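Raw contents of model-v2.pdb, PDB, C-alpha atoms:
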ATOM      1  CA  MET B   1      96.228 -98.449  56.463  1.00  0.00           C
ATOM      2  CA  ASN B   2      93.714 -98.180  59.294  1.00  0.00           C
ATOM      3  CA  THR B   3      90.284 -99.458  58.158  1.00  0.00           C
ATOM      4  CA  ALA B   4      88.483 -97.774  61.055  1.00  0.00           C
ATOM      5  CA  ALA B   5      89.660 -94.353  59.919  1.00  0.00           C
ATOM      6  CA  MET B   6      88.782 -95.203  56.330  1.00  0.00           C
ATOM      7  CA  SER B   7      85.228 -96.255  57.195  1.00  0.00           C
ATOM      8  CA  THR B   8      84.489 -92.952  58.886  1.00  0.00           C
ATOM      9  CA  ILE B   9      85.598 -91.093  55.793  1.00  0.00           C
ATOM     10  CA  THR B  10      83.739 -93.139  53.234  1.00  0.00           C
ATOM     11  CA  ALA B  11      80.603 -94.160  55.135  1.00  0.00           C
ATOM     12  CA  PRO B  12      77.955 -91.476  55.506  1.00  0.00           C
ATOM     13  CA  SER B  13      77.204 -90.469  59.055  1.00  0.00           C
ATOM     14  CA  THR B  14      73.715 -90.251  60.461  1.00  0.00           C
ATOM     15  CA  ALA B  15      74.022 -86.469  60.663  1.00  0.00           C
ATOM     16  CA  ASP B  16      74.702 -86.279  56.923  1.00  0.00           C
ATOM     17  CA  THR B  17      71.273 -86.042  55.328  1.00  0.00           C
ATOM     18  CA  THR B  18      71.127 -86.414  51.605  1.00  0.00           C
ATOM     19  CA  HIS B  19      68.157 -86.459  49.279  1.00  0.00           C
ATOM     20  CA  ALA B  20      68.885 -89.997  48.114  1.00  0.00           C
ATOM     21  CA  ASP B  21      66.119 -91.439  50.268  1.00  0.00           C
ATOM     22  CA  THR B  22      63.573 -88.756  49.292  1.00  0.00           C
ATOM     23  CA  THR B  23      63.806 -88.897  45.525  1.00  0.00           C
ATOM     24  CA  ASP B  24      60.930 -90.125  43.421  1.00  0.00           C
ATOM     25  CA  VAL B  25      61.043 -92.752  40.693  1.00  0.00           C
ATOM     26  CA  ALA B  26      62.395 -90.259  38.138  1.00  0.00           C
ATOM     27  CA  GLY B  27      65.215 -89.234  40.496  1.00  0.00           C
ATOM     28  CA  ARG B  28      63.749 -85.806  41.266  1.00  0.00           C
ATOM     29  CA  VAL B  29      63.809 -84.303  44.731  1.00  0.00           C
ATOM     30  CA  PRO B  30      60.310 -83.220  45.798  1.00  0.00           C
ATOM     31  CA  ALA B  31      59.683 -79.534  46.329  1.00  0.00           C
ATOM     32  CA  PRO B  32      59.600 -78.174  49.869  1.00  0.00           C
ATOM     33  CA  ARG B  33      56.154 -78.026  51.472  1.00  0.00           C
ATOM     34  CA  GLY B  34      55.824 -74.227  51.112  1.00  0.00           C
ATOM     35  CA  ARG B  35      56.686 -74.380  47.424  1.00  0.00           C
ATOM     36  CA  ARG B  36      54.149 -77.173  46.839  1.00  0.00           C
ATOM     37  CA  ALA B  37      51.435 -75.132  48.575  1.00  0.00           C
ATOM     38  CA  LEU B  38      52.259 -72.158  46.364  1.00  0.00           C
ATOM     39  CA  SER B  39      52.136 -74.385  43.295  1.00  0.00           C
ATOM     40  CA  VAL B  40      48.733 -75.799  44.270  1.00  0.00           C
ATOM     41  CA  THR B  41      47.434 -72.296  44.961  1.00  0.00           C
ATOM     42  CA  ARG B  42      48.757 -71.002  41.651  1.00  0.00           C
ATOM     43  CA  ARG B  43      47.298 -73.929  39.685  1.00  0.00           C
ATOM     44  CA  THR B  44      43.942 -73.540  41.436  1.00  0.00           C
ATOM     45  CA  ALA B  45      43.904 -69.856  40.522  1.00  0.00           C
ATOM     46  CA  TRP B  46      44.663 -70.754  36.892  1.00  0.00           C
ATOM     47  CA  LEU B  47      41.824 -73.301  36.922  1.00  0.00           C
ATOM     48  CA  LEU B  48      39.362 -70.720  38.257  1.00  0.00           C
ATOM     49  CA  ASN B  49      40.615 -68.314  35.604  1.00  0.00           C
ATOM     50  CA  ALA B  50      40.109 -70.985  32.927  1.00  0.00           C
ATOM     51  CA  LEU B  51      36.550 -71.636  34.077  1.00  0.00           C
ATOM     52  CA  PHE B  52      35.826 -67.900  34.038  1.00  0.00           C
ATOM     53  CA  TRP B  53      37.123 -67.417  30.479  1.00  0.00           C
ATOM     54  CA  SER B  54      35.321 -70.551  29.295  1.00  0.00           C
ATOM     55  CA  ALA B  55      32.039 -69.285  30.730  1.00  0.00           C
ATOM     56  CA  PHE B  56      32.663 -65.860  29.206  1.00  0.00           C
ATOM     57  CA  ALA B  57      33.318 -67.423  25.790  1.00  0.00           C
ATOM     58  CA  VAL B  58      30.077 -69.413  26.043  1.00  0.00           C
ATOM     59  CA  LEU B  59      28.197 -66.276  27.094  1.00  0.00           C
ATOM     60  CA  GLU B  60      29.598 -64.373  24.114  1.00  0.00           C
ATOM     61  CA  ALA B  61      28.631 -67.249  21.796  1.00  0.00           C
ATOM     62  CA  VAL B  62      25.080 -67.301  23.164  1.00  0.00           C
ATOM     63  CA  ASN B  63      24.723 -63.518  22.937  1.00  0.00           C
ATOM     64  CA  HIS B  64      26.368 -63.003  19.542  1.00  0.00           C
ATOM     65  CA  GLY B  65      25.683 -66.159  17.567  1.00  0.00           C
ATOM     66  CA  TRP B  66      27.392 -69.102  15.990  1.00  0.00           C
ATOM     67  CA  LEU B  67      30.316 -67.126  14.539  1.00  0.00           C
ATOM     68  CA  ALA B  68      31.372 -65.992  18.016  1.00  0.00           C
ATOM     69  CA  GLY B  69      31.142 -69.601  19.245  1.00  0.00           C
ATOM     70  CA  LEU B  70      33.073 -70.918  16.260  1.00  0.00           C
ATOM     71  CA  LEU B  71      35.876 -68.390  16.754  1.00  0.00           C
ATOM     72  CA  ALA B  72      36.008 -69.110  20.499  1.00  0.00           C
ATOM     73  CA  VAL B  73      36.462 -72.827  19.788  1.00  0.00           C
ATOM     74  CA  ALA B  74      38.989 -72.150  17.017  1.00  0.00           C
ATOM     75  CA  PHE B  75      41.091 -69.902  19.252  1.00  0.00           C
ATOM     76  CA  PHE B  76      40.785 -72.433  22.074  1.00  0.00           C
ATOM     77  CA  ILE B  77      42.445 -75.030  19.811  1.00  0.00           C
ATOM     78  CA  ALA B  78      44.799 -72.764  17.835  1.00  0.00           C
ATOM     79  CA  PRO B  79      47.655 -72.324  20.374  1.00  0.00           C
ATOM     80  CA  ASP B  80      48.428 -76.036  20.230  1.00  0.00           C
ATOM     81  CA  LEU B  81      48.724 -75.966  16.453  1.00  0.00           C
ATOM     82  CA  THR B  82      52.200 -74.532  17.030  1.00  0.00           C
ATOM     83  CA  PHE B  83      53.224 -78.162  17.677  1.00  0.00           C
ATOM     84  CA  LEU B  84      53.011 -78.658  13.919  1.00  0.00           C
ATOM     85  CA  VAL B  85      56.013 -76.384  13.292  1.00  0.00           C
ATOM     86  CA  GLY B  86      58.899 -78.704  12.552  1.00  0.00           C
ATOM     87  CA  ILE B  87      56.871 -81.876  13.065  1.00  0.00           C
ATOM     88  CA  GLY B  88      58.849 -83.614  10.342  1.00  0.00           C
ATOM     89  CA  ASP B  89      62.050 -83.174  12.384  1.00  0.00           C
ATOM     90  CA  ALA B  90      60.498 -84.534  15.591  1.00  0.00           C
ATOM     91  CA  ARG B  91      61.572 -88.154  15.085  1.00  0.00           C
ATOM     92  CA  GLY B  92      63.950 -89.360  17.759  1.00  0.00           C
ATOM     93  CA  MET B  93      63.239 -86.535  20.190  1.00  0.00           C
ATOM     94  CA  ALA B  94      62.644 -87.181  23.884  1.00  0.00           C
ATOM     95  CA  LYS B  95      59.057 -87.695  24.974  1.00  0.00           C
ATOM     96  CA  GLY B  96      57.450 -84.391  25.917  1.00  0.00           C
ATOM     97  CA  ARG B  97      60.074 -82.330  24.114  1.00  0.00           C
ATOM     98  CA  LEU B  98      58.987 -79.780  21.541  1.00  0.00           C
ATOM     99  CA  GLN B  99      60.956 -79.243  18.352  1.00  0.00           C
ATOM    100  CA  PRO B 100      63.249 -76.244  19.114  1.00  0.00           C
ATOM    101  CA  ARG B 101      62.105 -74.480  15.929  1.00  0.00           C
ATOM    102  CA  ALA B 102      58.539 -74.464  17.315  1.00  0.00           C
ATOM    103  CA  VAL B 103      59.420 -73.058  20.751  1.00  0.00           C
ATOM    104  CA  PRO B 104      59.179 -69.331  19.876  1.00  0.00           C
ATOM    105  CA  TYR B 105      55.772 -69.876  18.259  1.00  0.00           C
ATOM    106  CA  TYR B 106      54.561 -72.041  21.121  1.00  0.00           C
ATOM    107  CA  ASN B 107      55.729 -69.605  23.808  1.00  0.00           C
ATOM    108  CA  THR B 108      54.188 -66.606  22.021  1.00  0.00           C
ATOM    109  CA  ALA B 109      50.853 -68.390  21.611  1.00  0.00           C
ATOM    110  CA  HIS B 110      50.896 -69.442  25.278  1.00  0.00           C
ATOM    111  CA  ARG B 111      51.634 -66.094  26.906  1.00  0.00           C
ATOM    112  CA  ALA B 112      48.558 -64.636  28.578  1.00  0.00           C
ATOM    113  CA  LEU B 113      49.742 -61.079  27.974  1.00  0.00           C
ATOM    114  CA  VAL B 114      49.179 -61.381  24.218  1.00  0.00           C
ATOM    115  CA  PRO B 115      45.395 -61.966  24.336  1.00  0.00           C
ATOM    116  CA  LEU B 116      45.063 -59.642  27.350  1.00  0.00           C
ATOM    117  CA  ALA B 117      46.733 -56.832  25.402  1.00  0.00           C
ATOM    118  CA  LEU B 118      44.425 -57.489  22.459  1.00  0.00           C
ATOM    119  CA  MET B 119      41.423 -57.436  24.825  1.00  0.00           C
ATOM    120  CA  THR B 120      42.574 -54.093  26.188  1.00  0.00           C
ATOM    121  CA  LEU B 121      42.867 -52.759  22.655  1.00  0.00           C
ATOM    122  CA  TYR B 122      39.401 -54.161  21.895  1.00  0.00           C
ATOM    123  CA  THR B 123      37.903 -52.563  25.013  1.00  0.00           C
ATOM    124  CA  PHE B 124      39.561 -49.153  24.913  1.00  0.00           C
ATOM    125  CA  GLY B 125      40.251 -48.873  21.190  1.00  0.00           C
ATOM    126  CA  PRO B 126      38.141 -47.142  18.590  1.00  0.00           C
ATOM    127  CA  PRO B 127      34.554 -48.400  18.231  1.00  0.00           C
ATOM    128  CA  ALA B 128      35.327 -49.528  14.677  1.00  0.00           C
ATOM    129  CA  LEU B 129      37.421 -52.360  16.171  1.00  0.00           C
ATOM    130  CA  ALA B 130      34.560 -53.594  18.368  1.00  0.00           C
ATOM    131  CA  TRP B 131      33.450 -56.925  16.907  1.00  0.00           C
ATOM    132  CA  PRO B 132      31.972 -59.358  19.466  1.00  0.00           C
ATOM    133  CA  PRO B 133      33.190 -62.562  17.739  1.00  0.00           C
ATOM    134  CA  ALA B 134      36.764 -61.272  18.119  1.00  0.00           C
ATOM    135  CA  PHE B 135      36.216 -60.828  21.840  1.00  0.00           C
ATOM    136  CA  ALA B 136      34.807 -64.372  22.081  1.00  0.00           C
ATOM    137  CA  ALA B 137      37.920 -65.649  20.281  1.00  0.00           C
ATOM    138  CA  LEU B 138      40.165 -63.897  22.807  1.00  0.00           C
ATOM    139  CA  CYS B 139      38.141 -65.452  25.648  1.00  0.00           C
ATOM    140  CA  GLY B 140      38.717 -68.890  24.117  1.00  0.00           C
ATOM    141  CA  TRP B 141      42.441 -68.177  23.768  1.00  0.00           C
ATOM    142  CA  LEU B 142      42.735 -67.112  27.408  1.00  0.00           C
ATOM    143  CA  ALA B 143      40.763 -70.182  28.492  1.00  0.00           C
ATOM    144  CA  HIS B 144      43.244 -72.409  26.644  1.00  0.00           C
ATOM    145  CA  ILE B 145      46.264 -70.753  28.266  1.00  0.00           C
ATOM    146  CA  SER B 146      44.638 -70.933  31.688  1.00  0.00           C
ATOM    147  CA  TYR B 147      43.773 -74.637  31.363  1.00  0.00           C
ATOM    148  CA  ASP B 148      47.334 -75.389  30.252  1.00  0.00           C
ATOM    149  CA  ARG B 149      48.783 -73.633  33.301  1.00  0.00           C
ATOM    150  CA  ALA B 150      46.223 -75.231  35.622  1.00  0.00           C
ATOM    151  CA  PHE B 151      47.228 -78.703  34.416  1.00  0.00           C
ATOM    152  CA  GLY B 152      50.959 -77.966  34.668  1.00  0.00           C
ATOM    153  CA  TYR B 153      51.846 -77.105  31.064  1.00  0.00           C
ATOM    154  CA  GLY B 154      53.809 -73.888  30.993  1.00  0.00           C
ATOM    155  CA  LEU B 155      56.203 -72.225  28.633  1.00  0.00           C
ATOM    156  CA  ARG B 156      59.136 -74.120  27.093  1.00  0.00           C
ATOM    157  CA  THR B 157      62.886 -73.687  27.277  1.00  0.00           C
ATOM    158  CA  LYS B 158      64.710 -72.906  24.047  1.00  0.00           C
ATOM    159  CA  GLU B 159      65.607 -76.610  23.820  1.00  0.00           C
ATOM    160  CA  GLY B 160      61.889 -77.515  23.885  1.00  0.00           C
ATOM    161  CA  PHE B 161      61.502 -78.892  27.409  1.00  0.00           C
ATOM    162  CA  GLN B 162      58.891 -77.769  29.951  1.00  0.00           C
ATOM    163  CA  ARG B 163      60.069 -74.985  32.242  1.00  0.00           C
ATOM    164  CA  ASP B 164      59.924 -75.675  35.970  1.00  0.00           C
TER     165      ASP B 164
END

Turn the structure described in the file into structure tokens.
Amino acid sequence: MNTAAMSTITAPSTADTTHADTTDVAGRVPAPRGRRALSVTRRTAWLLNALFWSAFAVLEAVNHGWLAGLLAVAFFIAPDLTFLVGIGDARGMAKGRLQPRAVPYYNTAHRALVPLALMTLYTFGPPALAWPPAFAALCGWLAHISYDRAFGYGLRTKEGFQRD
């Protein structure tokens, strides 16, 4: 068998560009430049959104008292309490993976449309529903979601891993 012919088949040519030399330590191929710029822009927008909702929650707490502040803090923390669902079954799971039983709760608590819909109901609903501490709580909830997205924590797959 001719070894010269074999080497051209098995050896990669210089025109053949693979991602083997551009992978990071974890073996992932970096995103194209345009996609990275979009990601940075999106995360910056989420951070500005988080700062806005945090300031709004503080304003509501100052204007409406300690109960509004307490509820804003409680609703800022509450979405991450969904991690407690199925915590007993979490042994042996991959680092960063959420227990699959907790994923529906986690994803529901981390969707911005849920508190935004409740804010719309609060704003345009009957005056009997208007209670300022509830609005402060929704501001805290939206701040939490926005900070998570700004720092790269999004929704989860049904298996419990971070979505890309």

>> I'd like the neighbourhood of range 84-89 of chain B as a PyMOL selection string, where a residue qualifies if any of its atoms comes within 7 Å (using all atoms listed in the file), though same-chain residues fewer than 6 positions away should be ignored.
In response: chain B and resi 99+101-102

> Residues around (32.0, -64.7, 28.3), cut-off 12 Å, counting all atoms listed in the file - what are they as a VMD selection string?
Replying inline: chain B and resid 49 to 64 68 to 69 72 132 to 143

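Of the listed residues (B:Arg36, B:Arg163, B:Arg42, B:Lys158), B:Lys158 comes nearest to Pro100 in chain B; the distances count all atoms listed in the file.
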
> Distance CA of Leu98 in chain B-CA of Gln162 in chain B, one decimal place?
Replying inline: 8.6 Å

>> Could you tell me, as a list in words, exactly which residues end up selected when the PyMOL selection byres ((chain B and resi 148) around 12) is applied to this structure?
In response: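 Applying the expression gives Arg43, Thr44, Trp46, Leu47, Asn49, Ala50, Phe76, Ile77, Pro79, Asp80, Ala109, His110, Arg111, Ala112, Trp141, Leu142, Ala143, His144, Ile145, Ser146, Tyr147, Arg149, Ala150, Phe151, Gly152, Tyr153, Gly154, Leu155 and Gln162 of chain B.
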
> What gap, in Å, lies between CA of Arg91 in chain B and CA of Phe161 in chain B?
Replying inline: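 We find that CA of Arg91 in chain B and CA of Phe161 in chain B lie 15.4 Å from each other.
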
> With all atoms listed in the file as the basis for distance, which of B:Val40, B:Tyr105, B:Arg33, B:Leu71 is at the shortest distance from Trp131 in chain B?
Replying inline: B:Leu71

>> Using all atoms listed in the file for the distances, tell me which of B:Gly65, B:Gly125, B:Gly160, B:Pro115 is nearest to Lys95 in chain B.
In response: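 Going through B:Gly65, B:Gly125, B:Gly160, B:Pro115 one by one, the smallest distance to Lys95 in chain B is for B:Gly160.
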
>> I'd like the interatomic distance between CA of Tyr106 in chain B and CA of Val73 in chain B, to a tenth of an Å.
In response: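 Value for the CA of Tyr106 in chain B-CA of Val73 in chain B distance: 18.2 Å.
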
> Looking at only C-alpha atoms, which of B:Leu81, B:Ala45, B:Ala128, B:Ala37 is the one that sits closest to Val103 in chain B?
Replying inline: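 For Val103 in chain B, the nearest of the candidates is B:Leu81.
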
>> Here is a test: counting all atoms listed in the file, which residue of B:Thr82, B:Glu159, B:Ser39, B:Ala74 is nearest to Asn107 in chain B?
In response: B:Thr82
